[in-house]
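Here's model.cif, which has mmCIF, C-alpha atoms:
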```cif
data_query
#
loop_
_atom_site.label_atom_id
_atom_site.label_comp_id
_atom_site.auth_asym_id
_atom_site.auth_seq_id
_atom_site.Cartn_x
_atom_site.Cartn_y
_atom_site.Cartn_z
CA MET X 1 6.40 -68.22 -32.28
CA SER X 2 7.79 -64.69 -32.04
CA PRO X 3 5.98 -62.02 -34.07
CA ARG X 4 8.29 -62.41 -37.04
CA LEU X 5 10.96 -64.82 -38.21
CA ARG X 6 12.98 -63.66 -41.22
CA VAL X 7 14.26 -66.66 -43.20
CA VAL X 8 16.61 -66.47 -46.19
CA SER X 9 17.72 -69.23 -48.53
CA LEU X 10 20.80 -68.70 -50.70
CA ASN X 11 22.69 -71.01 -53.06
CA LEU X 12 26.18 -69.67 -52.36
CA ALA X 13 27.75 -71.42 -55.40
CA SER X 14 30.99 -71.80 -53.41
CA GLY X 15 31.25 -68.01 -53.27
CA ARG X 16 31.07 -67.39 -57.01
CA GLY X 17 29.07 -64.55 -58.50
CA ALA X 18 26.52 -64.75 -61.28
CA ASP X 19 29.43 -64.19 -63.68
CA GLY X 20 31.06 -67.41 -62.46
CA ARG X 21 34.08 -65.63 -60.99
CA PRO X 22 35.24 -66.92 -57.59
CA ARG X 23 35.14 -64.30 -54.84
CA SER X 24 38.00 -64.01 -52.39
CA PRO X 25 36.99 -64.38 -48.73
CA GLU X 26 37.12 -60.60 -48.36
CA GLU X 27 35.02 -60.06 -51.49
CA LEU X 28 32.53 -62.67 -50.31
CA ALA X 29 32.10 -60.89 -46.98
CA ARG X 30 31.53 -57.56 -48.76
CA SER X 31 29.04 -59.12 -51.18
CA LEU X 32 26.90 -60.16 -48.21
CA GLU X 33 26.52 -56.61 -46.87
CA PRO X 34 23.12 -56.08 -48.61
CA LEU X 35 21.85 -59.27 -46.97
CA ALA X 36 23.28 -58.32 -43.56
CA ALA X 37 21.35 -55.04 -43.79
CA LEU X 38 18.10 -57.05 -43.92
CA ALA X 39 18.95 -58.70 -40.58
CA PRO X 40 17.76 -62.26 -41.31
CA ASP X 41 17.10 -64.48 -38.28
CA VAL X 42 17.81 -67.71 -40.17
CA VAL X 43 19.96 -68.22 -43.27
CA CYS X 44 19.89 -71.50 -45.19
CA LEU X 45 22.95 -71.97 -47.39
CA GLN X 46 23.58 -74.45 -50.18
CA GLU X 47 26.78 -75.21 -52.13
CA VAL X 48 28.90 -73.96 -49.26
CA ASP X 49 32.62 -74.80 -49.12
CA ALA X 50 35.12 -75.38 -46.36
CA ALA X 51 38.87 -75.84 -46.94
CA GLN X 52 38.33 -76.00 -50.72
CA PRO X 53 41.19 -74.79 -52.96
CA ARG X 54 38.65 -73.26 -55.37
CA SER X 55 37.44 -70.90 -52.63
CA SER X 56 40.84 -69.96 -51.17
CA GLY X 57 40.50 -72.54 -48.40
CA ALA X 58 37.93 -70.38 -46.59
CA ASP X 59 35.62 -71.79 -43.94
CA GLN X 60 32.55 -70.36 -45.64
CA PRO X 61 29.95 -71.29 -43.00
CA ALA X 62 31.97 -69.44 -40.35
CA LEU X 63 32.76 -66.56 -42.74
CA VAL X 64 29.13 -66.03 -43.75
CA ALA X 65 27.92 -66.35 -40.16
CA ALA X 66 30.36 -63.63 -39.07
CA ALA X 67 29.37 -61.38 -41.98
CA LEU X 68 25.68 -61.72 -41.11
CA GLY X 69 26.02 -61.57 -37.35
CA ALA X 70 24.69 -65.10 -36.84
CA GLY X 71 26.00 -66.33 -33.52
CA ASP X 72 25.13 -69.98 -34.00
CA TRP X 73 25.45 -72.21 -37.03
CA ARG X 74 25.91 -75.77 -38.18
CA SER X 75 27.34 -77.04 -41.45
CA ALA X 76 26.46 -80.45 -42.84
CA ALA X 77 28.97 -81.61 -45.44
CA ALA X 78 27.45 -83.82 -48.11
CA VAL X 79 30.81 -84.80 -49.63
CA SER X 80 34.43 -84.87 -48.55
CA GLY X 81 36.68 -83.78 -51.40
CA THR X 82 36.07 -81.52 -54.37
CA PRO X 83 33.10 -82.01 -56.73
CA GLY X 84 33.94 -81.37 -60.37
CA LEU X 85 34.38 -82.90 -63.79
CA VAL X 86 36.48 -85.60 -62.13
CA ALA X 87 34.70 -87.11 -59.13
CA GLU X 88 37.36 -86.53 -56.45
CA TRP X 89 35.05 -86.96 -53.49
CA VAL X 90 33.44 -89.50 -51.17
CA PRO X 91 30.29 -89.20 -49.04
CA ALA X 92 31.00 -87.12 -45.94
CA PRO X 93 30.68 -88.51 -42.40
CA PRO X 94 27.21 -87.89 -40.89
CA VAL X 95 28.25 -85.15 -38.47
CA LEU X 96 27.47 -81.48 -37.87
CA ARG X 97 30.18 -78.85 -37.42
CA GLY X 98 29.58 -75.61 -35.55
CA PRO X 99 31.31 -72.51 -34.17
CA SER X 100 32.88 -74.39 -31.24
CA ASP X 101 34.40 -77.07 -33.49
CA PRO X 102 37.78 -76.91 -35.25
CA ALA X 103 37.84 -75.68 -38.84
CA ALA X 104 37.54 -78.37 -41.50
CA ALA X 105 40.89 -80.12 -41.94
CA SER X 106 40.23 -81.23 -45.52
CA PRO X 107 37.92 -80.07 -48.35
CA GLU X 108 34.19 -80.46 -47.81
CA TYR X 109 31.02 -79.18 -49.46
CA GLY X 110 27.38 -79.17 -48.48
CA VAL X 111 24.74 -77.07 -46.71
CA ALA X 112 24.69 -74.87 -43.63
CA LEU X 113 22.13 -73.30 -41.33
CA LEU X 114 22.90 -70.00 -39.59
CA VAL X 115 20.70 -68.75 -36.74
CA ARG X 116 20.51 -65.52 -34.75
CA ARG X 117 17.98 -66.82 -32.21
CA PRO X 118 18.39 -69.27 -29.31
CA VAL X 119 18.50 -72.90 -30.48
CA LEU X 120 17.37 -75.86 -28.37
CA SER X 121 18.68 -78.65 -30.59
CA TRP X 122 20.32 -79.41 -33.94
CA HIS X 123 19.61 -82.33 -36.25
CA ARG X 124 21.00 -83.85 -39.45
CA LEU X 125 19.33 -86.13 -42.02
CA GLU X 126 20.94 -88.15 -44.79
CA LEU X 127 18.80 -87.92 -47.95
CA GLY X 128 20.75 -90.34 -50.12
CA THR X 129 21.41 -90.01 -53.82
CA GLY X 130 20.17 -91.13 -57.21
CA ARG X 131 21.70 -94.04 -59.06
CA GLY X 132 22.33 -92.48 -62.45
CA ARG X 133 24.72 -89.91 -63.87
CA LEU X 134 23.24 -86.50 -64.57
CA PRO X 135 23.87 -84.33 -67.65
CA LEU X 136 24.92 -80.77 -66.82
CA ARG X 137 26.09 -78.03 -69.14
CA VAL X 138 29.23 -76.41 -67.72
CA ALA X 139 32.43 -74.82 -69.03
CA ASP X 140 35.15 -77.14 -70.27
CA PRO X 141 38.18 -76.30 -68.05
CA ARG X 142 40.50 -76.80 -71.04
CA THR X 143 38.73 -74.51 -73.51
CA GLY X 144 36.33 -72.43 -71.41
CA ARG X 145 33.50 -73.37 -73.78
CA ALA X 146 30.20 -74.71 -72.48
CA ALA X 147 29.72 -78.43 -73.02
CA TRP X 148 27.55 -81.24 -71.70
CA TRP X 149 29.12 -83.44 -69.03
CA PHE X 150 27.77 -86.38 -67.05
CA PHE X 151 28.20 -86.24 -63.28
CA ALA X 152 27.56 -88.81 -60.57
CA ASP X 153 24.67 -87.64 -58.41
CA GLU X 154 26.01 -86.34 -55.10
CA PRO X 155 24.66 -87.35 -51.70
CA ARG X 156 22.21 -84.85 -50.23
CA VAL X 157 21.68 -83.84 -46.61
CA ALA X 158 19.47 -81.61 -44.48
CA VAL X 159 20.25 -79.75 -41.26
CA ALA X 160 17.56 -78.53 -38.87
CA ALA X 161 17.34 -76.36 -35.75
CA VAL X 162 14.60 -76.38 -33.14
CA LEU X 163 14.36 -72.81 -31.89
CA GLU X 164 13.59 -71.79 -28.33
CA ASP X 165 10.13 -70.55 -29.34
CA GLY X 166 9.29 -73.98 -30.81
CA THR X 167 9.79 -73.15 -34.48
CA VAL X 168 11.55 -75.87 -36.45
CA VAL X 169 13.52 -74.79 -39.53
CA ALA X 170 15.68 -76.82 -41.91
CA ALA X 171 18.00 -76.21 -44.86
CA THR X 172 18.63 -78.60 -47.73
CA HIS X 173 19.73 -78.89 -51.36
CA LEU X 174 18.01 -81.58 -53.40
CA SER X 175 19.13 -83.59 -56.41
CA PHE X 176 19.15 -82.29 -59.98
CA ALA X 177 17.22 -85.45 -60.96
CA PRO X 178 13.50 -84.65 -60.51
CA VAL X 179 12.43 -88.16 -59.44
CA THR X 180 15.19 -88.27 -56.84
CA ALA X 181 14.42 -84.73 -55.67
CA VAL X 182 10.75 -85.64 -55.12
CA ARG X 183 11.74 -88.67 -53.05
CA GLN X 184 14.19 -86.59 -51.03
CA LEU X 185 11.63 -83.84 -50.44
CA ARG X 186 9.09 -86.30 -49.06
CA ARG X 187 11.69 -87.83 -46.78
CA ALA X 188 12.80 -84.40 -45.53
CA ARG X 189 9.16 -83.42 -44.91
CA ASP X 190 8.42 -86.52 -42.84
CA TRP X 191 11.59 -86.04 -40.81
CA LEU X 192 10.99 -82.35 -40.18
CA VAL X 193 7.37 -82.86 -39.13
CA GLY X 194 8.51 -85.57 -36.71
CA LEU X 195 11.20 -83.56 -34.91
CA PRO X 196 10.23 -82.84 -31.29
CA SER X 197 9.38 -79.23 -30.46
CA PRO X 198 8.21 -77.58 -27.23
CA ALA X 199 5.34 -76.14 -29.28
CA GLY X 200 4.13 -79.66 -30.07
CA ARG X 201 1.75 -80.10 -32.96
CA SER X 202 1.24 -76.35 -33.29
CA ALA X 203 4.92 -75.73 -34.09
CA VAL X 204 5.69 -73.82 -37.28
CA ARG X 205 7.95 -76.02 -39.42
CA LEU X 206 9.88 -74.49 -42.32
CA LEU X 207 11.97 -76.18 -45.01
CA ALA X 208 14.15 -73.91 -47.14
CA GLY X 209 16.71 -74.37 -49.88
CA ASP X 210 17.48 -75.02 -53.52
CA LEU X 211 15.00 -77.82 -54.05
CA ASN X 212 15.67 -78.16 -57.79
CA LEU X 213 11.91 -78.45 -58.32
CA PRO X 214 10.16 -75.58 -60.11
CA GLY X 215 7.28 -73.29 -59.20
CA GLY X 216 4.50 -74.78 -57.12
CA LEU X 217 5.70 -78.39 -57.44
CA PRO X 218 7.42 -78.52 -54.01
CA ALA X 219 4.19 -77.41 -52.32
CA ARG X 220 2.17 -80.05 -54.17
CA VAL X 221 4.67 -82.82 -53.41
CA SER X 222 5.07 -81.93 -49.73
CA GLY X 223 1.55 -80.75 -48.97
CA GLY X 224 3.15 -77.54 -47.69
CA HIS X 225 2.66 -73.89 -48.49
CA LEU X 226 4.99 -71.56 -50.41
CA ALA X 227 6.14 -68.52 -48.46
CA VAL X 228 7.86 -66.94 -51.49
CA ARG X 229 6.81 -66.84 -55.13
CA GLY X 230 9.01 -65.61 -57.95
CA PRO X 231 11.72 -66.81 -60.34
CA SER X 232 15.15 -67.31 -58.76
CA PHE X 233 17.28 -69.09 -61.40
CA PRO X 234 19.52 -68.27 -63.15
CA ALA X 235 20.59 -65.22 -61.18
CA GLN X 236 21.31 -62.95 -64.14
CA ALA X 237 17.92 -63.44 -65.82
CA PRO X 238 15.75 -65.72 -63.66
CA ARG X 239 13.12 -67.85 -65.39
CA LEU X 240 12.40 -70.60 -62.84
CA GLN X 241 11.80 -70.69 -59.12
CA LEU X 242 14.03 -73.45 -57.75
CA ASP X 243 14.65 -71.81 -54.37
CA HIS X 244 11.88 -72.08 -51.81
CA VAL X 245 10.74 -71.53 -48.25
CA LEU X 246 8.04 -74.09 -47.48
CA SER X 247 5.73 -74.00 -44.48
CA LEU X 248 4.73 -77.57 -43.56
CA GLY X 249 1.54 -78.46 -41.79
CA ALA X 250 -0.78 -75.56 -41.01
CA PRO X 251 0.10 -72.56 -43.22
CA ALA X 252 2.05 -69.83 -41.46
CA ALA X 253 1.33 -66.20 -42.31
CA ALA X 254 4.19 -65.11 -44.54
CA SER X 255 5.32 -62.50 -47.01
CA GLY X 256 8.26 -63.06 -49.31
CA GLN X 257 10.57 -61.57 -51.88
CA VAL X 258 13.34 -62.60 -54.27
CA LEU X 259 16.71 -60.89 -53.73
CA ASP X 260 19.36 -60.09 -56.32
CA LEU X 261 22.68 -60.37 -54.45
CA PRO X 262 26.24 -60.01 -55.74
CA VAL X 263 27.00 -63.67 -54.90
CA GLY X 264 25.54 -66.99 -56.01
CA ASP X 265 24.24 -68.25 -59.33
CA HIS X 266 20.68 -68.26 -57.96
CA ARG X 267 18.83 -65.32 -56.47
CA ALA X 268 18.13 -65.55 -52.79
CA VAL X 269 14.61 -65.87 -51.40
CA LEU X 270 13.45 -64.16 -48.21
CA ALA X 271 10.33 -64.89 -46.19
CA ASP X 272 8.96 -63.05 -43.16
CA VAL X 273 6.98 -65.67 -41.25
CA GLY X 274 4.65 -64.97 -38.35
#
```

As structure tokens, the full file:
Amino acid sequence: MSPRLRVVSLNLASGRGADGRPRSPEELARSLEPLAALAPDVVCLQEVDAAQPRSSGADQPALVAAALGAGDWRSAAAVSGTPGLVAEWVPAPPVLRGPSDPAAASPEYGVALLVRRPVLSWHRLELGTGRGRLPLRVADPRTGRAAWWFFADEPRVAVAAVLEDGTVVAATHLSFAPVTAVRQLRRARDWLVGLPSPAGRSAVRLLAGDLNLPGGLPARVSGGHLAVRGPSFPAQAPRLQLDHVLSLGAPAAASGQVLDLPVGDHRAVLADVG
């Protein structure tokens, strides 16, 4: 692997800020300037929109990639339609969309992986969903007051890139339901470890994203190693670390930090690996 790989994970929250206000495409691009200044090699995005009315119809994977100078990217929609208090969505087709593909023709929502280094191959994994409905406290659109609502668990996906130097890196966003998230994490780990790499068994394999599992639990579940330690959620006054960069297999030398950015309802996490 090259001397250093800078990996960032960010829950984009469809382009909203910590105050919950949607950012216009222009505001979103400006809010990413502090991250662009850090020159990340790989950016793992969660809760990223394309063609959604709530985010001005922007193609957020393409917008963020341009703002960060990432020449290659793939988005993996988990759902087609608009998640919300009324479930107006269906599971998305199992495809990847990139810079050479047409913009999304209808609303979609999921994860994306942006890369500034040469990529040998791209991969997608379906992680499934839980069976129950999950309680979440969100604002009532009629009154603006916070209330408890029950949502159907959304499908979850992962997208991975095998880099030219043999590093394998993946982005994902796991379920809010802890038991389901643990199952999904184990499945993502097994898949990522099994992806072919020119570096063979010595390849560094990284899994990053909003794992919805706190603290050191993802490392214990996956047998991996945390590259970043520090609370990341909620963004305004973080108490829990839900956002992680995991090194799977042999531990990779890494240093990390938590970033307070003007976008997202989580803080971003950054790891320098290698």

Legend entry - Distance criterion (only C-alpha atoms): nearest to Pro107 (chain X) out of X:Ala77, X:Ala161, X:Leu174, X:Ala51: X:Ala51

Inset, instruction - Please determine the residues with any atom at most 12 Å from (1.8, -85.8, -36.0) (coordinates as given in the file, with all atoms listed in the file counting) and report them as a list in words. - result: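 The answer, in the requested form, is Arg189, Asp190, Trp191, Leu192, Val193, Gly194, Leu195, Pro196, Ser197, Gly200, Arg201, Ser202, Ala203, Leu248, Gly249 and Ala250 of chain X.
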
Can you write out the residues you just picked, keeping C-alpha atoms, as a compact mmCIF listing (two decimals), keeping the file's coordinate frame?
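In the end it all went to result39.txt:
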```txt
# COMPACT_ATOMS: atom_id res chain seq x y z
CA ARG X 189 9.16 -83.42 -44.91
CA ASP X 190 8.42 -86.52 -42.84
CA TRP X 191 11.59 -86.04 -40.81
CA LEU X 192 10.99 -82.35 -40.18
CA VAL X 193 7.37 -82.86 -39.13
CA GLY X 194 8.51 -85.57 -36.71
CA LEU X 195 11.20 -83.56 -34.91
CA PRO X 196 10.23 -82.84 -31.29
CA SER X 197 9.38 -79.23 -30.46
CA GLY X 200 4.13 -79.66 -30.07
CA ARG X 201 1.75 -80.10 -32.96
CA SER X 202 1.24 -76.35 -33.29
CA ALA X 203 4.92 -75.73 -34.09
CA LEU X 248 4.73 -77.57 -43.56
CA GLY X 249 1.54 -78.46 -41.79
CA ALA X 250 -0.78 -75.56 -41.01
```

Inset, instruction - For Ser24 (chain X), list every protein, DNA or RNA residue within 12 Å, evaluated using all atoms listed in the file, and leave out those in the same chain fewer than 2 positions away; present the list as a list in words. - result: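 Close residues of Ser24 (chain X): Ser14, Gly15, Arg16, Gly17, Arg21, Pro22, Glu26, Glu27, Leu28, Ala29, Arg30, Ser31, Pro53, Arg54, Ser55, Ser56, Gly57, Ala58, Asp59, Gln60, Leu63 and Val263 of chain X.
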
Inset, instruction - Give me, please, the distance in Å between CA of Leu32 (chain X) and CA of Asp165 (chain X), quoted to one decimal. - result: 27.3 Å

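Taken over the shown file, the PyMOL selection byres ((chain X and resi 80) around 8) identifies Ala77, Ala78, Val79, Gly81, Thr82, Trp89, Val90, Pro91, Ala92, Ser106, Pro107, Glu108 and Tyr109 of chain X.
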
Inset, instruction - Using CA of His244 (chain X) and CA of Ser232 (chain X) as the two end points, give the distance in Å to one decimal. - result: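 Those two atoms sit 9.0 Å apart.
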
Legend entry - Selection dump of the PyMOL selection byres ((chain X and resi 111) around 10), as a list of chain:residue names: X:Asn11, X:Leu12, X:Cys44, X:Leu45, X:Gln46, X:Glu47, X:Val48, X:Asp49, X:Pro61, X:Arg74, X:Ser75, X:Ala76, X:Ala77, X:Ala78, X:Tyr109, X:Gly110, X:Ala112, X:Leu113, X:Arg156, X:Val157, X:Ala158, X:Val159, X:Ala171, X:Thr172, X:His173, X:Gly209

Inset, instruction - Can you work out which one of X:Ser222, X:Ala18, X:Val204, X:Glu164 has the shortest atom-to-atom distance to Pro238 (chain X), counting all atoms listed in the file? - result: X:Ala18

Inset, instruction - Could you check which of X:Asp272, X:Asp153, X:Asp260, X:Asp265 is closest to Pro34 (chain X), using all atoms listed in the file? - result: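 Of X:Asp272, X:Asp153, X:Asp260, X:Asp265, the one nearest Pro34 (chain X) is X:Asp260, counting all atoms listed in the file.
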
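Of the listed residues (X:Val162, X:Val95, X:Ala219, X:Ala103), X:Val162 comes nearest to Pro118 (chain X); the distances count only C-alpha atoms.
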
Inset, instruction - Run the PyMOL selection byres ((chain X and resi 38) around 10) mentally over the shown coordinates, then write out the matched residues as a VMD selection string, using the chain letters and numbers from the document. - result: chain X and resid 6 8 33 to 37 39 to 41 68 270

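CA of Val119 (chain X) is positioned 28.1 Å from CA of Ser175 (chain X).
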
Legend entry - X:Val228, X:Ala160, X:Leu213, X:Leu207 ranked by distance to Ala177 (chain X), top pick (using only C-alpha atoms):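 The answer is X:Leu213, which sits nearest to Ala177 (chain X).
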